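J.: The file below is final29.txt, compact mmCIF, C-alpha atoms (C1' of nucleotides):
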# COMPACT_ATOMS: atom_id res chain seq x y z
CA MET A 1 0.00 0.00 0.00
CA ILE A 2 2.71 2.41 0.95
CA ALA A 3 5.93 2.49 -1.00
CA ALA A 4 9.04 1.15 0.65
CA ALA A 5 11.77 3.50 1.70
CA ASN A 6 15.49 3.44 1.06
CA LYS A 7 17.50 3.97 4.18
CA HIS A 8 20.78 5.78 3.71
CA SER A 9 22.24 6.32 7.12
CA ASP A 10 25.58 6.91 8.71
CA HIS A 11 26.43 3.44 9.77
CA GLU A 12 27.60 2.36 6.37
CA HIS A 13 30.85 2.38 4.45
CA PRO A 14 32.51 5.58 3.35
CA ARG A 15 29.99 6.24 0.59
CA PRO A 16 29.08 4.00 -2.31
CA ARG A 17 30.49 5.17 -5.65
CA SER A 18 30.69 8.76 -4.61
CA ALA A 19 33.04 9.55 -7.47
CA ALA A 20 30.54 8.26 -10.00
CA VAL A 21 27.80 10.38 -8.47
CA VAL A 22 29.98 13.45 -8.70
CA ALA A 23 30.93 12.73 -12.31
CA ASP A 24 27.28 12.30 -13.17
CA ILE A 25 26.29 15.58 -11.62
CA ILE A 26 29.16 17.42 -13.29
CA SER A 27 28.07 15.97 -16.59
CA GLN A 28 24.47 17.00 -16.10
CA LEU A 29 25.53 20.51 -15.17
CA SER A 30 27.76 20.59 -18.22
CA ASP A 31 24.77 19.73 -20.40
CA LEU A 32 23.05 22.77 -18.93
CA GLY A 33 25.97 24.99 -19.85
CA TYR A 34 27.65 25.17 -16.47
CA ARG A 35 31.41 24.91 -16.49
CA ASP A 36 33.42 22.18 -14.89
CA THR A 37 35.60 23.99 -12.37
CA GLU A 38 37.80 22.84 -9.55
CA PRO A 39 35.91 24.59 -6.73
CA ARG A 40 32.57 23.37 -8.07
CA ARG A 41 33.87 19.82 -8.12
CA LEU A 42 35.04 20.18 -4.55
CA VAL A 43 31.63 21.39 -3.44
CA ILE A 44 29.83 18.60 -5.22
CA SER A 45 32.21 16.01 -3.83
CA ALA A 46 31.67 17.32 -0.35
CA VAL A 47 27.91 17.20 -0.80
CA ALA A 48 28.09 13.67 -2.13
CA ALA A 49 30.27 12.63 0.80
CA GLN A 50 27.62 13.60 3.34
CA SER A 51 25.32 10.89 4.51
CA ASN A 52 22.89 12.86 6.62
CA PRO A 53 21.30 16.21 5.90
CA PHE A 54 23.84 18.96 6.49
CA THR A 55 23.84 22.73 6.85
CA ALA A 56 25.47 25.10 4.41
CA GLU A 57 27.85 26.23 7.12
CA GLU A 58 28.94 22.69 7.83
CA LEU A 59 29.74 22.37 4.17
CA CYS A 60 31.75 25.59 4.27
CA ALA A 61 33.66 24.34 7.28
CA SER A 62 34.51 21.10 5.49
CA LEU A 63 35.82 23.07 2.51
CA PRO A 64 38.28 25.58 3.94
CA CYS A 65 39.94 26.00 0.54
CA VAL A 66 36.74 27.08 -1.19
CA GLY A 67 35.27 30.53 -0.66
CA ARG A 68 32.08 30.76 1.31
CA ALA A 69 30.23 32.46 -1.52
CA THR A 70 31.29 29.71 -3.88
CA VAL A 71 30.03 27.03 -1.54
CA TYR A 72 26.66 28.76 -1.28
CA ARG A 73 26.51 29.28 -5.03
CA GLY A 74 27.32 25.65 -5.69
CA LEU A 75 24.70 24.52 -3.23
CA ARG A 76 22.10 26.80 -4.75
CA LEU A 77 22.94 25.54 -8.21
CA LEU A 78 22.44 21.96 -7.08
CA VAL A 79 19.08 22.79 -5.55
CA GLU A 80 17.95 24.76 -8.61
CA THR A 81 18.88 21.94 -10.95
CA GLY A 82 17.22 19.38 -8.73
CA GLN A 83 20.44 17.59 -7.78
CA ALA A 84 20.01 18.50 -4.13
CA CYS A 85 17.05 19.32 -1.99
CA ARG A 86 16.34 21.25 1.13
CA VAL A 87 15.27 19.45 4.26
CA LEU A 88 13.45 21.18 7.07
CA LEU A 89 14.07 19.75 10.51
CA GLU A 90 11.55 19.80 13.31
CA ASP A 91 13.25 22.77 14.97
CA HIS A 92 13.16 24.66 11.64
CA ASP A 93 16.80 24.05 11.01
CA LEU A 94 17.22 24.12 7.23
CA ARG A 95 19.54 21.51 5.81
CA TYR A 96 20.55 20.12 2.46
CA GLN A 97 20.87 16.68 0.96
CA LEU A 98 21.53 15.03 -2.37
CA SER A 99 18.33 14.22 -4.21
CA HIS A 100 17.97 10.57 -5.00
CA GLN A 101 14.98 10.76 -7.31
CA GLY A 102 12.23 13.08 -8.39
CA HIS A 103 9.36 13.88 -6.09
CA HIS A 104 9.81 12.45 -2.65
CA HIS A 105 9.76 13.27 1.02
CA HIS A 106 12.00 12.64 3.97
CA LEU A 107 11.76 10.58 7.09
CA LEU A 108 14.04 12.32 9.54
CA CYS A 109 15.45 10.77 12.67
CA GLY A 110 15.58 13.28 15.50
CA VAL A 111 18.13 11.21 17.40
CA CYS A 112 20.93 10.38 14.97
CA GLY A 113 19.97 12.76 12.18
CA ALA A 114 19.66 10.05 9.58
CA SER A 115 17.20 10.51 6.77
CA ALA A 116 15.35 8.09 4.55
CA ASP A 117 13.24 8.78 1.50
CA LEU A 118 9.57 8.10 1.00
CA GLU A 119 9.91 7.42 -2.67
CA VAL A 120 6.37 8.03 -3.73
CA CYS A 121 4.12 10.61 -2.29
CA HIS A 122 0.78 8.94 -1.81
CA ALA A 123 -0.53 11.91 0.04
CA GLU A 124 -0.63 13.90 -3.15
CA ASP A 125 -4.04 12.82 -4.48
CA MET A 126 -5.62 13.14 -1.08
CA LEU A 127 -4.25 16.62 -0.63
CA ARG A 128 -5.38 17.68 -4.08
CA GLU A 129 -8.89 16.53 -3.21
CA ALA A 130 -8.84 18.29 0.13
CA ALA A 131 -7.65 21.46 -1.52
CA ALA A 132 -10.37 21.24 -4.16
CA ALA A 133 -12.99 20.80 -1.42
CA ALA A 134 -11.83 24.14 -0.04
CA GLY A 135 -11.93 25.75 -3.47
CA PHE A 136 -8.19 25.65 -3.87
CA ARG A 137 -6.26 24.49 -6.89
CA MET A 138 -3.22 22.74 -5.50
CA SER A 139 0.07 23.34 -7.23
CA GLY A 140 2.48 21.83 -4.78
CA HIS A 141 3.18 20.83 -1.24
CA TRP A 142 5.94 20.50 1.30
CA LEU A 143 6.07 17.57 3.64
CA GLU A 144 8.58 16.34 6.21
CA VAL A 145 8.03 13.43 8.56
CA PHE A 146 9.84 13.41 11.91
CA GLY A 147 10.51 10.54 14.25
CA GLN A 148 13.12 7.95 15.14
CA CYS A 149 14.83 5.53 12.79
CA GLY A 150 14.95 1.81 13.50
CA GLU A 151 18.44 1.87 14.93
CA CYS A 152 17.66 4.67 17.33
CA ILE A 153 14.51 2.95 18.56
CA GLU A 154 16.58 -0.09 19.59
CA ASP A 155 19.16 1.93 21.48
CA MET B 1 -14.08 12.02 2.76
CA ILE B 2 -11.86 15.00 3.27
CA ALA B 3 -12.61 17.52 5.97
CA ALA B 4 -13.97 20.85 4.88
CA ALA B 5 -11.83 23.94 5.21
CA ASN B 6 -12.49 27.30 6.76
CA LYS B 7 -11.51 30.17 4.52
CA HIS B 8 -10.31 33.25 6.30
CA SER B 9 -9.16 35.67 3.65
CA ASP B 10 -8.67 39.36 3.23
CA HIS B 11 -11.88 40.24 1.55
CA GLU B 12 -13.92 40.24 4.72
CA HIS B 13 -14.89 42.76 7.34
CA PRO B 14 -12.33 44.32 9.66
CA ARG B 15 -12.01 41.20 11.77
CA PRO B 16 -14.72 39.40 13.69
CA ARG B 17 -14.53 39.93 17.45
CA SER B 18 -10.84 40.58 17.46
CA ALA B 19 -11.06 42.07 20.94
CA ALA B 20 -12.59 38.87 22.29
CA VAL B 21 -9.85 36.80 20.70
CA VAL B 22 -7.23 38.98 22.33
CA ALA B 23 -8.92 38.80 25.71
CA ASP B 24 -9.11 35.05 25.46
CA ILE B 25 -5.44 34.72 24.64
CA ILE B 26 -4.44 37.07 27.43
CA SER B 27 -6.51 35.02 29.83
CA GLN B 28 -4.96 31.76 28.69
CA LEU B 29 -1.49 33.22 29.05
CA SER B 30 -2.42 34.48 32.48
CA ASP B 31 -3.41 30.96 33.49
CA LEU B 32 0.07 29.88 32.49
CA GLY B 33 1.61 32.53 34.69
CA TYR B 34 2.43 35.10 32.05
CA ARG B 35 1.71 38.68 32.98
CA ASP B 36 -0.76 40.91 31.27
CA THR B 37 1.33 43.80 30.02
CA GLU B 38 0.63 46.67 27.68
CA PRO B 39 3.27 45.76 25.05
CA ARG B 40 2.16 42.13 25.09
CA ARG B 41 -1.43 43.19 24.53
CA LEU B 42 -0.37 45.35 21.61
CA VAL B 43 1.50 42.46 20.02
CA ILE B 44 -1.40 40.08 20.45
CA SER B 45 -3.85 42.62 19.08
CA ALA B 46 -1.67 43.18 16.05
CA VAL B 47 -1.43 39.44 15.47
CA ALA B 48 -5.18 39.05 15.80
CA ALA B 49 -5.75 41.91 13.38
CA GLN B 50 -3.85 40.15 10.59
CA SER B 51 -5.89 38.12 8.18
CA ASN B 52 -3.16 36.52 6.11
CA PRO B 53 0.08 34.96 7.28
CA PHE B 54 2.55 37.73 8.13
CA THR B 55 6.26 38.00 8.81
CA ALA B 56 7.75 38.99 12.14
CA GLU B 57 9.21 42.11 10.55
CA GLU B 58 5.82 43.17 9.24
CA LEU B 59 4.53 42.88 12.75
CA CYS B 60 7.42 44.98 14.06
CA ALA B 61 6.70 47.63 11.45
CA SER B 62 3.05 47.75 12.46
CA LEU B 63 4.06 48.26 16.09
CA PRO B 64 6.54 51.14 16.10
CA CYS B 65 5.89 51.75 19.78
CA VAL B 66 6.90 48.26 20.82
CA GLY B 67 10.53 47.17 20.87
CA ARG B 68 11.65 44.68 18.28
CA ALA B 69 12.80 42.20 20.91
CA THR B 70 9.43 42.39 22.61
CA VAL B 71 7.60 41.74 19.37
CA TYR B 72 9.75 38.69 18.72
CA ARG B 73 9.34 37.50 22.29
CA GLY B 74 5.58 37.89 22.12
CA LEU B 75 5.43 36.05 18.85
CA ARG B 76 7.55 33.24 20.19
CA LEU B 77 5.40 32.98 23.28
CA LEU B 78 2.29 32.65 21.14
CA VAL B 79 3.89 29.91 19.07
CA GLU B 80 5.16 28.06 22.14
CA THR B 81 1.76 28.12 23.79
CA GLY B 82 0.04 27.04 20.60
CA GLN B 83 -1.83 30.31 20.09
CA ALA B 84 -0.02 31.00 16.85
CA CYS B 85 1.68 28.81 14.32
CA ARG B 86 4.42 29.13 11.80
CA VAL B 87 3.62 28.90 8.11
CA LEU B 88 6.24 28.07 5.54
CA LEU B 89 5.64 29.53 2.11
CA GLU B 90 6.75 27.91 -1.10
CA ASP B 91 9.79 30.18 -1.39
CA HIS B 92 10.78 29.28 2.19
CA ASP B 93 9.50 32.56 3.53
CA LEU B 94 8.57 31.91 7.15
CA ARG B 95 5.40 33.57 8.35
CA TYR B 96 3.10 33.47 11.34
CA GLN B 97 -0.61 33.17 11.88
CA LEU B 98 -3.11 32.76 14.68
CA SER B 99 -3.93 29.12 15.32
CA HIS B 100 -7.59 28.37 14.95
CA GLN B 101 -7.58 24.87 16.36
CA GLY B 102 -5.28 22.06 17.29
CA HIS B 103 -3.52 20.01 14.68
CA HIS B 104 -4.11 21.32 11.21
CA HIS B 105 -2.39 22.36 8.03
CA HIS B 106 -2.56 25.29 5.68
CA LEU B 107 -3.75 25.81 2.17
CA LEU B 108 -1.75 28.79 0.97
CA CYS B 109 -2.64 30.93 -2.00
CA GLY B 110 0.44 32.00 -3.90
CA VAL B 111 -1.41 34.85 -5.56
CA CYS B 112 -3.17 36.80 -2.82
CA GLY B 113 -1.46 35.24 0.16
CA ALA B 114 -4.68 34.05 1.77
CA SER B 115 -4.60 30.92 3.84
CA ALA B 116 -7.24 28.39 4.76
CA ASP B 117 -7.04 25.55 7.23
CA LEU B 118 -7.33 21.87 6.59
CA GLU B 119 -8.92 21.11 9.90
CA VAL B 120 -8.14 17.47 10.16
CA CYS B 121 -5.00 15.87 8.97
CA HIS B 122 -6.03 12.71 7.21
CA ALA B 123 -2.55 12.18 5.96
CA GLU B 124 -1.41 11.32 9.43
CA ASP B 125 -2.32 7.64 9.51
CA MET B 126 -0.95 7.09 6.07
CA LEU B 127 2.31 8.74 6.97
CA ARG B 128 2.62 6.76 10.17
CA GLU B 129 2.20 3.57 8.17
CA ALA B 130 4.72 4.67 5.57
CA ALA B 131 7.19 5.55 8.29
CA ALA B 132 6.69 2.20 9.99
CA ALA B 133 7.31 0.42 6.69
CA ALA B 134 10.69 2.11 6.62
CA GLY B 135 11.39 1.16 10.21
CA PHE B 136 10.67 4.63 11.53
CA ARG B 137 8.52 5.56 14.48
CA MET B 138 6.80 8.74 13.46
CA SER B 139 6.49 11.46 16.06
CA GLY B 140 5.36 14.37 13.96
CA HIS B 141 5.20 15.94 10.55
CA TRP B 142 5.19 19.27 8.77
CA LEU B 143 2.91 19.84 5.84
CA GLU B 144 2.03 22.86 3.75
CA VAL B 145 -0.13 22.82 0.64
CA PHE B 146 0.45 25.49 -2.01
CA GLY B 147 -1.84 26.62 -4.79
CA GLN B 148 -4.43 29.21 -5.65
CA CYS B 149 -7.56 30.05 -3.73
CA GLY B 150 -10.98 30.14 -5.38
CA GLU B 151 -11.02 33.89 -5.79
CA CYS B 152 -7.64 34.00 -7.42
CA ILE B 153 -8.55 31.22 -9.84
CA GLU B 154 -11.51 33.30 -11.09
CA ASP B 155 -9.48 36.45 -11.61
C1' DA C 1 48.88 26.88 -29.20
C1' DT C 2 46.88 31.30 -28.49
C1' DA C 3 43.86 34.96 -28.00
C1' DA C 4 39.12 36.41 -27.08
C1' DT C 5 35.09 36.08 -24.34
C1' DA C 6 32.18 34.77 -20.92
C1' DT C 7 31.90 32.36 -16.60
C1' DT C 8 33.37 31.60 -12.17
C1' DC C 9 35.90 32.66 -8.10
C1' DG C 10 36.80 34.62 -3.59
C1' DA C 11 37.31 38.51 -0.36
C1' DT C 12 34.48 41.53 1.55
C1' DA C 13 30.59 44.01 2.78
C1' DC C 14 25.94 43.83 3.39
C1' DT C 15 21.11 42.13 4.52
C1' DT C 16 17.68 39.71 6.96
C1' DG C 17 15.65 37.28 10.73
C1' DG C 18 16.22 36.39 15.11
C1' DT C 19 18.57 35.97 20.00
C1' DA C 20 21.45 37.47 24.33
C1' DT C 21 22.51 41.05 27.57
C1' DC C 22 21.34 44.00 31.00
C1' DA C 23 19.87 48.14 33.29
C1' DT C 24 15.23 49.93 34.02
C1' DT C 25 10.27 49.50 34.66
C1' DA C 26 5.88 47.37 35.51
C1' DT C 27 3.14 43.58 37.51
C1' DG C 28 0.55 41.28 40.84
C1' DA C 29 0.75 38.49 45.24
C1' DT C 30 0.94 39.50 49.92
C1' DA D 1 2.10 49.86 50.10
C1' DT D 2 5.72 46.60 49.61
C1' DC D 3 8.56 43.70 47.15
C1' DA D 4 10.28 39.75 44.46
C1' DT D 5 10.04 38.72 40.02
C1' DA D 6 8.81 39.08 35.16
C1' DA D 7 8.84 41.93 31.22
C1' DT D 8 10.64 45.66 28.53
C1' DG D 9 13.59 47.96 25.13
C1' DA D 10 18.05 49.64 23.53
C1' DT D 11 21.80 47.64 21.93
C1' DA D 12 24.90 44.40 20.46
C1' DC D 13 25.34 40.29 18.57
C1' DC D 14 24.83 36.00 15.61
C1' DA D 15 23.76 32.95 11.64
C1' DA D 16 22.41 32.21 7.05
C1' DG D 17 22.60 33.84 2.88
C1' DT D 18 23.25 37.49 -1.09
C1' DA D 19 25.49 41.45 -3.84
C1' DT D 20 29.68 43.47 -5.55
C1' DC D 21 33.59 43.54 -8.14
C1' DG D 22 38.34 42.84 -9.56
C1' DA D 23 41.11 38.68 -10.48
C1' DA D 24 41.42 34.07 -12.18
C1' DT D 25 39.84 30.30 -15.12
C1' DA D 26 37.18 27.71 -18.77
C1' DT D 27 35.61 27.34 -23.19
C1' DT D 28 35.58 28.74 -28.16
C1' DA D 29 37.30 30.48 -32.19
C1' DT D 30 41.32 31.34 -34.72
Please lay out the structure from this file as structure tokens.
T.:
Amino acid sequence: MIAAANKHSDHEHPRPRSAAVVADIISQLSDLGYRDTEPRRLVISAVAAQSNPFTAEELCASLPCVGRATVYRGLRLLVETGQACRVLLEDHDLRYQLSHQGHHHHLLCGVCGASADLEVCHAEDMLREAAAAAGFRMSGHWLEVFGQCGECIED
Amino acid sequence: MIAAANKHSDHEHPRPRSAAVVADIISQLSDLGYRDTEPRRLVISAVAAQSNPFTAEELCASLPCVGRATVYRGLRLLVETGQACRVLLEDHDLRYQLSHQGHHHHLLCGVCGASADLEVCHAEDMLREAAAAAGFRMSGHWLEVFGQCGECIED
DNA sequence: ATAATATTCGATACTTGGTATCATTATGAT
DNA sequence: ATCATAATGATACCAAGTATCGAATATTAT
């Protein structure tokens, strides 16, 4: 009934095929006319190396050789091109994360900070109906689900 | 199937029984041990006078006689005690609004800025199930629905 | 290869939204 | 009326993000 979710938490190996992910993103950006530069690569690599949602400042801190403005620009570019997405935590802390597919939402663990994707948004039709009942034409929605991941429940 | 929504837009009269709303909030705060002060009253009145979601800075601007810190403190108090809620617009603009009942979500018009409430969150059970399928224990969620209200569709 | 051109970079300054500090003032329980 | 305590407001501060602009770097054409 509900789509399964892909867990991608901390507790795993360095990061599976991070280099390939970076190369793919660079190539997609290139197709859009964006140049392949050293700082941009560094930003994308750093983003791909993160497992849990991270803040822009954390990214800056992990990239002391790249200017702050460049980090923010790179991050914004990734969000605008759909390669990364913003994640809103329960305390309104805004974080970022690589996008793993098109439309999806996040399950966010408040204990360890891990996130998992809900790959399909089944709420969409229901929300569209509810909006229509109120005379609204729905054009989009924002949804985050908070809780604890399996590992943190055990502990 | 889906709960009806209460529209509370701009196009109406000044504001129905705003004074009573303010008195009620003051009284509830008083029960919690918060004092009834002049600046606090002014903040609450200003909040109650708003029809659409507003920013904290707009509130400050509409209350030149109240210190900025006090406006922010008052707003935070209202959110913490459940009298007001935060509303996240599609462009990540964070706004505030009086709460009209317990758990609910917002239909937000991107054209005129009006908001309406979805009074019951039917998505909740579905989300809890989806979270459980991914091994998560859901503790909460954040949902905003964007679109156009009836009046703005006509125009 | 090289020059021309447009993009990107990074240092810096700025903006916005919000919080901490702290001396002064107002509240409300007694 | 007194008095401990909460609230205020001016100010300074902080965090996240954007604008500016001269210097550096990619691409493209030659």
J.: Could you tell me which residues of chain B sit within 9 Å of chain D when counting only C-alpha atoms (C1' of nucleotides), and give me the result as a list in words?
T.: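 Only these qualify: Tyr34, Arg35, Thr37, Pro39, Val66, Gly67, Arg68, Ala69 and Thr70 of chain B.
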J.: I need the chain A residues near chain B as a PyMOL selection string; criterion: at most 8 Å, counting only C-alpha atoms.
T.: chain A and resi 2-7+90+107+109+116+118+123+126-127+129-131+133-150+153
J.: Once the least-squares fit of chain A onto chain B is done over all Cα atoms matched in order, how many Å of RMSD are left?
T.: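 Computed value for the CA RMSD is 0.1 Å.
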J.: Distance limit 9 Å, atoms considered: all atoms listed in the file. Which chain C residues sit that close to chain B? Return them as a PyMOL selection string.
T.: chain C and resi 17-19+26-28
J.: Can you measure CA of Leu98 in chain B to CA of Ile26 in chain B for me? One decimal in Å is fine.
T.: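 CA of Leu98 in chain B sits 13.5 Å away from CA of Ile26 in chain B.
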J.: One number please: CA of His105 in chain A to CA of Val111 in chain B, in Å, one decimal.
T.: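 Computing the Euclidean distance for CA of His105 in chain A and CA of Val111 in chain B yields 25.2 Å.
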J.: Excluding range 17-23 of chain A and residues on its chain fewer than 6 positions from it, collect all residues at most 7 Å away from it, counting only C-alpha atoms (C1' of nucleotides), and give them as an MDAnalysis selection string.
T.: chainID A and resid 44:45 48:49
J.: Distance CA of Asn52 in chain B-CA of Asp125 in chain A, one decimal place?
T.: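 Interatomic distance here is 26.0 Å.
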J.: Give me the residues within 12 Å of Cys85 in chain B as number ranges by chain, counting all atoms listed in the file and dropping any in the same chain fewer than 4 places off.
T.: B: 47, 53-55, 75-81, 94-106, 117, 142
